[in-house]
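Beneath this line is the structure, given in structure tokens, with notes to follow.
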Amino acid sequence: MPNETKHAAPFIKVEGLSKRYRADLPPVFENINFSIQQGEFICVIGHSGCGKSTILNVIAGLDEASSGAVVMAGKEISGPSLDRGVVFQSHALLPWLTVEENIAFAVRSRHPDWSRKRIAEHGARFIEMVGLKAAWKKKPSELSGGMKQRVGIARAFSVEPKMLLMDEPFGALDALTRGVIQDELLKICAATRQTVFMITHDVDEAILLSDKIMLMSNGPHARIAEIVVNTLPRDRSRETMHHDPQFYRIRNHLVDFLVRRSKMIQQNAAEAPSSAEPLIVRPGLEGDQPPPGPDNPSVAKMRVVA
Ligand SMILES: Nc1ncnc2c1ncn2[C@@H]1O[C@H](COP(=O)(O)OP(=O)(O)O)[C@@H](O)[C@H]1O
Ligand SMILES: [Mg+2]
């Protein structure tokens with residue numbers, strides 16, 4: 001395996017994280033270890049119930065682990081902070097406020113000393129960024145699901161958090177709207193070098209957006225089984241990505257994990273000692289995967305429902 005580039009101090013370090021909701025039940029996940037570098041876009045994939053949202057909530061400071069710690073920029077996380085913006089599956093906008101006011105509310109919480117004008121100007125940049133300039137005076141009830149989710153994204157970005165946490169943010173959207181917002185998110189992240197931790201069910205979405213994809217085995221005793229390095233060039237797009245044979249190597253690796261290996265790992269998890277660091281994998285580049293192609297319809301058409 002090629003050597004990983006070692007960075008002296010990762011931006012986020014998750015160390016030995018375990019979660020047990022009840023003493024008489026096995027842990028949902030245990031000994032979770034990974035790091036996130038500044039500017040990295042990390043996606044997490046794993047079946048329902050393996051503990052993805054719990055890990056995200058612990059990083060957000062909204063939940064506590066049973067053991068282990070999350071260290072951000074050298075300091076242990078002990079509660080929520082504006083440094084960590086969260087986008088949930090449901091947008092969670094304030095229904096009595098307009099788009100502009102929802103965003104101003106968030107900006108004011110970050111910059112209580114700013115004037116109304118400055119808050120409005122700052123917010124307007126992000127409303128424009130997600131393509132909602134025409135709807136800035138509307139209330140959430142007047143917006144489509146996709147528009148509401150874009151407001152949620154604009155709101156999270158407007159606070160300029162050091163870290164953006166997203167829990168299946170596009171899961172409730174139709175495919176067309178999801179694609180439009182994914183494109184916007186790609187552009188915004190390329191422009192801002194935002195550090196992102198995002199949970200998704202959608203393997204194509206993970207390949208489009210991420211630098212690395214963390215694969216979680218099934219719970220209980222879930223683990224980060226692998227970290228898949230997204231070796232597609234960074235200037236990828238939804239239109240062209242599937243022309244690259246490497247796309248299929250990565251995709252098949254992810255799908256194979258979800259349909260087969262995630263269960264096998266779980267079966268062994270209770271007995272086997274968990275290794276501290278997950279395996280780092282570059283599908284197709286290490287000779288560990290047969291090179292499947294776009295003519296493999298069973299895999300190419302599959303969308304994973306967890
Ligand atoms: N507040 C809670 N109390 C008890 N069990 C919970 C609670 N929240 C989540 N769980 C359980 O923990 C497991 C992981 O949940 P979650 O983190 O939501 O998984 P995921 O996001 O991967 O679907 C599930 O089995 C779920 O039932
Ligand atoms: Mg979840």
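By order in the structure tokens, chains are A, B, ...; within a chain, residues start at 1; ligands start at 1, following the order shown.
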
>> To check your reading of the model: which residues sit at most 7 Å from ligand 2 when counting only C-alpha atoms and all ligand atoms? Write the answer as a PyMOL selection string.
In response: chain A and resi 48-49+51-53+167

> If we count only C-alpha atoms, what is near stretch 100-114 of chain A at a cut-off of 8 Å, once residues fewer than 5 positions away on the same chain are taken out, given as an MDAnalysis selection string?
Replying inline: chainID A and resid 82 93:94 119:120 122:124 127 136:137 151 154:155 158:159

>> Quick one: residues within 6 Å of stretch 250-264 of chain A, only C-alpha atoms, excluding same-chain residues fewer than 6 positions away - as a PyMOL selection string?
In response: chain A and resi 217-218+283

> Quick one: residues within 7 Å of stretch 55-63 of chain A, only C-alpha atoms counted, chain neighbours fewer than 4 positions away excluded, as a ChimeraX atom specification?
Replying inline: /A:51,70,77-80,84,165

Those selected residues, please, written with C-alpha atoms and delivered as a PDB file, in the first residue's frame.
ATOM      1  CA  GLY A  51     -24.604   4.983  13.945  1.00  0.00           C
ATOM      2  CA  VAL A  70     -13.401  14.386  19.177  1.00  0.00           C
ATOM      3  CA  ILE A  77     -15.342  19.194  21.589  1.00  0.00           C
ATOM      4  CA  SER A  78     -17.716  19.512  24.533  1.00  0.00           C
ATOM      5  CA  GLY A  79     -20.872  21.118  23.113  1.00  0.00           C
ATOM      6  CA  PRO A  80     -22.344  22.818  20.056  1.00  0.00           C
ATOM      7  CA  ARG A  84     -19.583  23.598  13.335  1.00  0.00           C
ATOM      8  CA  LEU A 165     -21.771  18.703   9.014  1.00  0.00           C
TER       9      LEU A 165
END

>> Just want the residues within 12 Å of ligand 1, written as a PyMOL selection string, counting only C-alpha atoms and all ligand atoms.
In response: chain A and resi 18-30+44-58+62-65+88-89+166-168+198-201+215-224+305-306

>> List the spatial neighbours of stretch 173-176 of chain A as a PyMOL selection string - criterion: any atom at most 9 Å away, only C-alpha atoms, same-chain residues fewer than 5 positions off excluded.
In response: chain A and resi 145-146+149+181

Selected residues written out, N, CA and C atoms, as a short mmCIF file (atom, residue, chain, number, x, y, z; two decimals), in the first residue's frame:
data_model
loop_
_atom_site.label_atom_id
_atom_site.label_comp_id
_atom_site.auth_asym_id
_atom_site.auth_seq_id
_atom_site.Cartn_x
_atom_site.Cartn_y
_atom_site.Cartn_z
N GLY A 145 -39.47 21.93 -1.62
CA GLY A 145 -38.53 21.22 -0.74
C GLY A 145 -37.08 21.53 -1.09
N GLY A 146 -36.79 21.57 -2.39
CA GLY A 146 -35.42 21.83 -2.83
C GLY A 146 -34.97 23.23 -2.47
N GLN A 149 -34.21 23.42 1.23
CA GLN A 149 -32.93 22.79 1.54
C GLN A 149 -31.78 23.71 1.13
N ILE A 181 -28.70 20.90 -6.71
CA ILE A 181 -28.09 21.35 -5.44
C ILE A 181 -26.69 20.76 -5.29
#

>> Give me the residues near A:Arg236 as a VMD selection string, where near means some atom within 10 Å (using only C-alpha atoms) and where sequence neighbours in that chain fewer than 4 positions away do not count.
In response: chain A and resid 186 207 to 209 232 240 to 242 244

>> If DSSP is run on the backbone, what residues of stretch 155-262 of chain A are alpha helix (DSSP H)? A reply as a PyMOL selection string would be ideal.
In response: chain A and resi 155-158+175-192+203-209+245-256+262

> Can you tell me how far atom CA of A:Leu97 sits from atom CA of A:Gly131, in Å to one decimal?
Replying inline: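 Computing the Euclidean distance for atom CA of A:Leu97 and atom CA of A:Gly131 yields 18.7 Å.
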
Do you know which residues are at most 8 Å from A:Gly152 counting only C-alpha atoms, after dropping those on the same chain fewer than 5 positions away, and could you put them as a PDB file with N, CA and C atoms, in the first residue's frame?
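Okay, this is what ended up in result.pdb:
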ATOM      1  N   VAL A  87     -26.371  20.834   8.697  1.00  0.00           N
ATOM      2  CA  VAL A  87     -27.517  20.805   7.780  1.00  0.00           C
ATOM      3  C   VAL A  87     -28.178  19.444   7.952  1.00  0.00           C
ATOM      4  N   HIS A  91     -35.020  20.700   6.648  1.00  0.00           N
ATOM      5  CA  HIS A  91     -34.286  21.967   6.626  1.00  0.00           C
ATOM      6  C   HIS A  91     -34.247  22.716   7.949  1.00  0.00           C
ATOM      7  N   ALA A  92     -35.278  22.541   8.822  1.00  0.00           N
ATOM      8  CA  ALA A  92     -35.316  23.213  10.128  1.00  0.00           C
ATOM      9  C   ALA A  92     -35.201  24.736  10.029  1.00  0.00           C
ATOM     10  N   LEU A  93     -35.994  25.321   9.101  1.00  0.00           N
ATOM     11  CA  LEU A  93     -36.019  26.791   9.003  1.00  0.00           C
ATOM     12  C   LEU A  93     -37.067  27.340   9.973  1.00  0.00           C
TER      13      LEU A  93
END

>> Between atom CA of A:Ala156 and atom CA of A:Arg118, what distance in Å does the model show, to one decimal?
In response: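 These atoms are spaced 17.5 Å apart.
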
>> Could you pull out the strand (DSSP E or B) residues of stretch 35-67 of chain A, going by DSSP on the backbone, and write them as a list in words?
In response: Ser35, Ile36, Phe41, Ile42, Cys43, Val44, Ile45 and Ser67 of chain A

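In this model, the gap between atom CA of A:Gln246 and atom CA of A:Ile227 comes to 16.5 Å.
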